[in-house]
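Text of entry.csv (CSV, C-alpha atoms) as supplied:
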```
chain,number,residue,atom,x,y,z
B,228,MET,CA,76.6,112.8,148.3
B,229,LYS,CA,76.2,111.0,145.0
B,230,PHE,CA,78.0,111.4,141.7
B,231,LYS,CA,77.8,109.6,138.3
B,232,TYR,CA,80.4,109.5,135.5
B,233,GLU,CA,80.1,107.9,132.1
B,234,ILE,CA,83.0,106.0,130.6
B,235,GLU,CA,83.5,105.4,126.9
B,236,GLY,CA,84.9,102.0,125.9
B,237,GLY,CA,88.1,102.2,123.8
B,238,ASN,CA,88.6,105.9,124.3
B,239,PHE,CA,92.0,106.1,126.1
B,240,SER,CA,92.2,109.9,125.7
B,241,LYS,CA,89.4,110.2,128.4
B,242,ALA,CA,90.5,107.3,130.6
B,243,GLY,CA,91.2,108.7,134.0
B,244,ASN,CA,88.9,111.7,133.8
B,245,ALA,CA,86.4,110.3,136.2
B,246,SER,CA,89.1,109.2,138.7
B,247,SER,CA,90.6,112.7,138.5
B,248,ALA,CA,87.2,114.3,139.2
B,249,VAL,CA,86.6,112.0,142.2
B,250,LYS,CA,90.0,112.8,143.5
B,251,LYS,CA,89.3,116.6,143.3
B,252,ILE,CA,86.0,116.1,145.3
B,253,LEU,CA,87.6,114.0,148.0
B,254,LYS,CA,90.3,116.6,148.5
B,255,GLN,CA,87.7,119.3,148.8
B,256,LEU,CA,86.0,117.1,151.5
B,257,ASN,CA,89.3,116.9,153.4
B,258,VAL,CA,89.5,113.1,153.2
B,259,PRO,CA,93.0,112.0,154.4
B,260,PRO,CA,95.5,111.9,151.5
B,261,ALA,CA,96.4,108.2,152.1
B,262,THR,CA,92.7,107.2,151.9
B,263,ILE,CA,92.2,109.3,148.7
B,264,LYS,CA,95.2,107.7,147.1
B,265,LYS,CA,94.0,104.1,147.8
B,266,LEU,CA,90.5,104.8,146.6
B,267,VAL,CA,91.6,106.7,143.5
B,268,VAL,CA,94.2,104.0,142.5
B,269,ALA,CA,91.5,101.3,142.7
B,270,LEU,CA,89.0,103.5,140.9
B,271,TYR,CA,91.5,104.4,138.1
B,272,GLU,CA,92.4,100.7,137.6
B,273,GLY,CA,88.6,100.0,137.3
B,274,GLU,CA,88.1,102.9,134.9
B,275,VAL,CA,91.0,101.8,132.7
B,276,ASN,CA,89.6,98.2,132.7
B,277,VAL,CA,86.3,99.5,131.3
B,278,VAL,CA,88.0,101.6,128.6
B,279,ALA,CA,90.2,98.6,127.8
B,280,HIS,CA,87.7,95.8,127.7
B,281,ALA,CA,84.1,97.1,127.7
B,282,TRP,CA,81.8,98.9,125.2
B,283,ASN,CA,80.7,101.5,127.7
B,284,GLY,CA,80.3,102.0,131.5
B,285,CYS,CA,79.3,104.1,134.4
B,286,ILE,CA,80.9,105.0,137.7
B,287,TYR,CA,78.6,105.7,140.7
B,288,VAL,CA,80.2,107.3,143.8
B,289,ASP,CA,78.3,107.5,147.0
B,290,ILE,CA,80.1,109.3,149.9
B,291,ASP,CA,78.9,109.4,153.5
B,292,PRO,CA,80.8,110.2,156.7
B,293,ASP,CA,81.5,106.5,157.4
B,294,ARG,CA,82.5,105.2,153.9
B,295,ILE,CA,82.9,105.8,150.2
B,296,PHE,CA,81.1,103.3,148.0
B,297,VAL,CA,82.0,103.1,144.4
B,298,THR,CA,80.2,101.0,141.7
B,299,ILE,CA,81.8,100.6,138.3
B,300,GLU,CA,79.2,99.0,135.9
B,301,ASP,CA,80.0,98.2,132.3
B,302,GLU,CA,78.3,96.7,129.3
B,303,GLY,CA,80.9,94.4,127.8
B,304,PRO,CA,82.2,90.9,127.2
B,305,GLY,CA,82.2,90.0,131.0
B,306,ILE,CA,84.8,87.9,132.8
B,307,PRO,CA,84.4,84.2,132.4
B,308,ASP,CA,86.5,83.2,135.4
B,309,ILE,CA,86.9,85.9,138.1
B,310,GLY,CA,89.3,83.8,140.1
B,311,GLN,CA,91.7,83.6,137.2
B,312,ALA,CA,91.3,87.3,136.5
B,313,MET,CA,92.3,88.0,140.1
B,314,GLN,CA,95.6,86.3,139.6
B,315,GLU,CA,98.6,88.6,139.1
B,316,GLY,CA,99.9,88.4,135.6
B,317,TYR,CA,96.7,87.0,134.0
B,318,SER,CA,95.6,89.3,131.2
B,319,THR,CA,93.4,89.3,128.1
B,320,ALA,CA,94.3,92.8,127.1
B,321,SER,CA,94.9,93.8,123.5
B,322,GLN,CA,98.3,95.0,122.1
B,323,ALA,CA,96.7,98.6,121.9
B,324,VAL,CA,96.0,98.5,125.7
B,325,ARG,CA,99.5,97.2,126.4
B,326,GLU,CA,101.0,100.1,124.4
B,327,MET,CA,99.1,102.5,126.8
B,328,GLY,CA,101.1,101.0,129.7
B,329,PHE,CA,98.4,98.6,131.0
B,330,GLY,CA,97.3,95.0,130.4
B,331,ALA,CA,99.9,93.3,132.6
B,332,GLY,CA,97.3,91.5,134.7
B,333,MET,CA,97.9,93.8,137.7
B,334,GLY,CA,94.6,95.7,137.6
B,335,LEU,CA,92.2,93.6,139.6
B,336,PRO,CA,94.8,92.4,142.2
B,337,ASN,CA,95.8,96.0,142.7
B,338,MET,CA,92.1,97.1,143.1
B,339,LYS,CA,91.8,94.4,145.8
B,340,LYS,CA,94.9,95.6,147.6
B,341,ASN,CA,93.6,99.2,147.7
B,342,ALA,CA,90.0,98.6,148.5
B,343,ASP,CA,88.7,97.8,152.0
B,344,LEU,CA,86.1,95.7,150.4
B,345,LEU,CA,85.9,94.6,146.7
B,346,ASN,CA,83.0,92.7,145.1
B,347,ILE,CA,83.0,91.6,141.5
B,348,LYS,CA,80.0,90.3,139.6
B,349,SER,CA,80.1,89.4,135.9
B,350,GLU,CA,78.0,87.8,133.2
B,351,VAL,CA,79.7,86.7,130.0
B,352,GLY,CA,78.4,88.7,127.0
B,353,LYS,CA,76.6,91.2,129.2
B,354,GLY,CA,79.0,93.0,131.5
B,355,THR,CA,80.7,93.4,134.8
B,356,THR,CA,80.0,95.2,138.0
B,357,VAL,CA,82.8,96.1,140.5
B,358,GLU,CA,82.0,97.5,143.9
B,359,ILE,CA,84.7,99.2,145.9
B,360,THR,CA,84.2,100.2,149.5
B,361,THR,CA,86.6,102.5,151.4
B,362,LEU,CA,86.0,102.9,155.0
B,363,LEU,CA,86.5,106.4,156.5
B,364,LYS,CA,86.1,105.4,160.2
A,578,MET,CA,117.9,115.7,146.0
A,579,GLU,CA,116.2,118.8,144.6
A,580,ILE,CA,114.6,118.3,141.2
A,581,ASN,CA,116.9,121.1,140.0
A,582,ARG,CA,119.9,118.8,140.6
A,583,LEU,CA,118.2,115.9,138.8
A,584,LEU,CA,117.6,118.1,135.8
A,585,GLU,CA,121.3,119.1,135.8
A,586,ILE,CA,122.5,115.4,136.2
A,587,LEU,CA,120.4,114.3,133.3
A,588,GLU,CA,121.2,117.4,131.2
A,589,GLY,CA,117.5,117.4,130.8
A,590,GLU,CA,115.1,119.7,129.1
A,591,LEU,CA,112.5,121.2,131.4
A,592,VAL,CA,109.0,121.0,129.9
A,593,CYS,CA,106.9,122.4,132.7
A,594,GLY,CA,106.9,122.9,136.5
A,595,GLU,CA,109.7,125.5,136.7
A,596,GLN,CA,108.3,126.8,140.0
A,597,PHE,CA,108.6,123.4,141.6
A,598,LEU,CA,112.3,122.7,140.9
A,599,GLU,CA,113.3,123.1,144.6
A,600,LYS,CA,111.0,120.2,145.6
A,601,GLU,CA,112.9,117.2,147.0
A,602,VAL,CA,112.8,113.7,145.4
A,603,VAL,CA,114.2,110.8,147.4
A,604,TRP,CA,113.1,107.7,145.5
A,605,GLY,CA,113.3,106.6,141.8
A,606,PHE,CA,111.1,104.2,139.9
A,607,ALA,CA,111.7,103.3,136.3
A,608,SER,CA,109.0,101.6,134.2
A,609,ASP,CA,107.0,101.8,131.0
A,610,LEU,CA,104.3,99.8,132.6
A,611,MET,CA,101.8,102.0,134.4
A,612,SER,CA,100.2,99.0,136.1
A,613,ASP,CA,103.5,98.6,138.1
A,614,VAL,CA,103.6,102.3,138.9
A,615,LEU,CA,100.2,102.1,140.4
A,616,THR,CA,101.3,99.4,142.9
A,617,LEU,CA,103.7,101.8,144.6
A,618,ASP,CA,103.0,103.6,147.8
A,619,THR,CA,105.9,105.9,148.0
A,620,ASP,CA,106.1,109.7,148.3
A,621,GLN,CA,108.8,112.0,147.0
A,622,LEU,CA,109.2,109.7,144.0
A,623,VAL,CA,110.5,110.5,140.5
A,624,LEU,CA,109.1,108.3,137.7
A,625,VAL,CA,111.5,107.5,134.9
A,626,THR,CA,109.7,106.3,131.8
A,627,GLY,CA,109.8,106.1,128.0
A,628,LEU,CA,106.0,106.0,127.8
A,629,ASN,CA,104.8,109.4,126.5
A,630,ASN,CA,101.0,109.3,126.5
A,631,LEU,CA,98.2,110.8,128.5
A,632,GLN,CA,98.0,107.7,130.8
A,633,THR,CA,101.5,108.4,132.1
A,634,ILE,CA,100.3,111.7,133.4
A,635,ARG,CA,97.0,110.3,134.7
A,636,THR,CA,98.9,107.5,136.5
A,637,ALA,CA,101.2,110.1,138.1
A,638,GLU,CA,98.3,112.2,139.2
A,639,VAL,CA,96.5,109.2,140.8
A,640,ALA,CA,99.8,108.0,142.4
A,641,ASP,CA,100.7,111.5,143.7
A,642,ILE,CA,103.9,111.6,141.7
A,643,GLU,CA,105.2,115.1,141.2
A,644,CYS,CA,108.1,114.6,138.8
A,645,ILE,CA,108.4,112.5,135.6
A,646,VAL,CA,111.5,112.1,133.5
A,647,PHE,CA,110.9,111.0,129.9
A,648,VAL,CA,114.0,109.1,128.6
A,649,ARG,CA,115.1,108.0,125.1
A,650,ASN,CA,114.4,111.5,123.7
A,651,LYS,CA,110.6,110.9,124.0
A,652,LYS,CA,108.7,114.2,123.5
A,653,VAL,CA,106.0,115.2,125.8
A,654,LEU,CA,102.7,116.0,123.9
A,655,PRO,CA,100.7,119.2,124.5
A,656,PRO,CA,97.6,117.5,126.1
A,657,MET,CA,100.0,115.9,128.6
A,658,ILE,CA,101.5,119.3,129.5
A,659,ALA,CA,98.0,120.8,130.2
A,660,ILE,CA,97.1,118.0,132.7
A,661,ALA,CA,100.6,118.1,134.3
A,662,LYS,CA,100.4,121.9,134.9
A,663,GLU,CA,97.0,121.5,136.4
A,664,HIS,CA,98.4,119.0,138.9
A,665,GLU,CA,101.7,120.9,139.6
A,666,MET,CA,104.0,118.3,138.1
A,667,VAL,CA,107.5,118.7,136.8
A,668,LEU,CA,108.0,117.1,133.4
A,669,ILE,CA,111.6,116.6,132.1
A,670,GLU,CA,112.8,115.2,128.8
A,671,CYS,CA,116.2,113.7,128.5
A,672,ARG,CA,118.3,112.1,125.7
A,673,TYR,CA,119.7,109.2,127.8
A,674,SER,CA,118.3,105.7,127.7
A,675,MET,CA,116.4,104.5,130.7
A,676,PHE,CA,119.5,102.6,131.9
A,677,GLY,CA,121.7,105.6,131.4
A,678,ALA,CA,119.4,107.9,133.2
A,679,ILE,CA,118.9,105.6,136.1
A,680,ALA,CA,122.6,104.9,136.5
A,681,ARG,CA,123.3,108.6,136.7
A,682,LEU,CA,120.5,109.3,139.2
A,683,HIS,CA,121.5,106.3,141.4
A,684,GLU,CA,125.1,107.4,141.5
A,685,ALA,CA,123.9,110.9,142.6
A,686,GLY,CA,122.0,109.3,145.5
A,687,LEU,CA,118.5,108.7,144.3
A,688,LYS,CA,117.2,105.5,146.1
A,689,PRO,CA,115.4,102.6,144.5
A,690,VAL,CA,111.9,101.9,145.9
A,691,TYR,CA,112.8,98.2,146.2
```
Rewrite the coordinates I just gave you, this time as structure tokens.
Amino acid sequence: MKFKYEIEGGNFSKAGNASSAVKKILKQLNVPPATIKKLVVALYEGEVNVVAHAWNGCIYVDIDPDRIFVTIEDEGPGIPDIGQAMQEGYSTASQAVREMGFGAGMGLPNMKKNADLLNIKSEVGKGTTVEITTLLK
Amino acid sequence: MEINRLLEILEGELVCGEQFLEKEVVWGFASDLMSDVLTLDTDQLVLVTGLNNLQTIRTAEVADIECIVFVRNKKVLPPMIAIAKEHEMVLIECRYSMFGAIARLHEAGLKPVY
């Protein structure tokens, strides 16, 4: 089962729409609530990151009986030092993003905590791809 | 405690979720930082915040939080109510500061997450 959602950079009024839609689907598929919460928290953090930092992006969700595989791809400034970005408290977020309640440098570490596998690739000036795997068995 | 009791303690204004006032909340977490809220893994939690925007509601939805108290007289905006109703949340506005609201709730038995 595959789904695709588009994300608009900078548009905070829509941030979370894709995560909400994915949550609804996983509930309908009777995925255990604790598993849904972990995946959707990681996904929402990723979605907010795209809205906060990138120009546009896409979320691809691939669900099979063994695992849920999510790819969050964006066109944006990229991350120069992924190791630094993974440290709690490190943030390059704007004041506008902070006023929305984000940008405290918790996003990527929290995604790592909630994903069974997390893979991040980034190219400065082009964009970032984040892959989240949640195991179902 | 029942959300009903919480509403009474805070002399709060119920915005939506009247049908869920008998639900129990055990834990309280106060923050204007949604990134911190997303690190929690606690059920039966009430979020106390002064941040009144859509992301507060989205964060609560993602984190399975069923009750939000908006302190400092912050007013809930109509698009927030629409999403909250869809996800069966209770939204409460109150005139107390965050400190004042937390002090009253803690005294009444609401527990801190950590």
Distance query 12 Å from (82.2, 108.4, 150.8) using only C-alpha atoms, result as a PyMOL selection string:
chain B and resi 228-230+249-250+252-254+256-259+262-263+266+287-298+359-364
With all atoms listed in the file as the basis for distance, which of A:Glu599, A:Val639, A:Glu670, A:Ile658 is at the shortest distance from Pro260 (chain B)?
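Of the candidates, the smallest distance to Pro260 (chain B) is held by A:Val639.
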Separation of CA of Ser674 (chain A) and CA of Phe647 (chain A), in Å?
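These atoms are spaced 9.4 Å apart.
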Considering only C-alpha atoms, state which residue in the set A:Asn630, A:Ile669, A:Gly677, A:Lys662 is at the smallest distance from Asn581 (chain A).
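Among the listed residues, the smallest separation from Asn581 (chain A) belongs to A:Ile669.
Closest to chain A among B:Glu350, B:Glu233, B:Glu358, B:Glu274 is B:Glu274, based on only C-alpha atoms.
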Taking all atoms listed in the file into account, what are the residues of chain A at most 12 Å from chain B, put as a ChimeraX atom specification?
/A:608-620,626-642,656-657,660,663-664
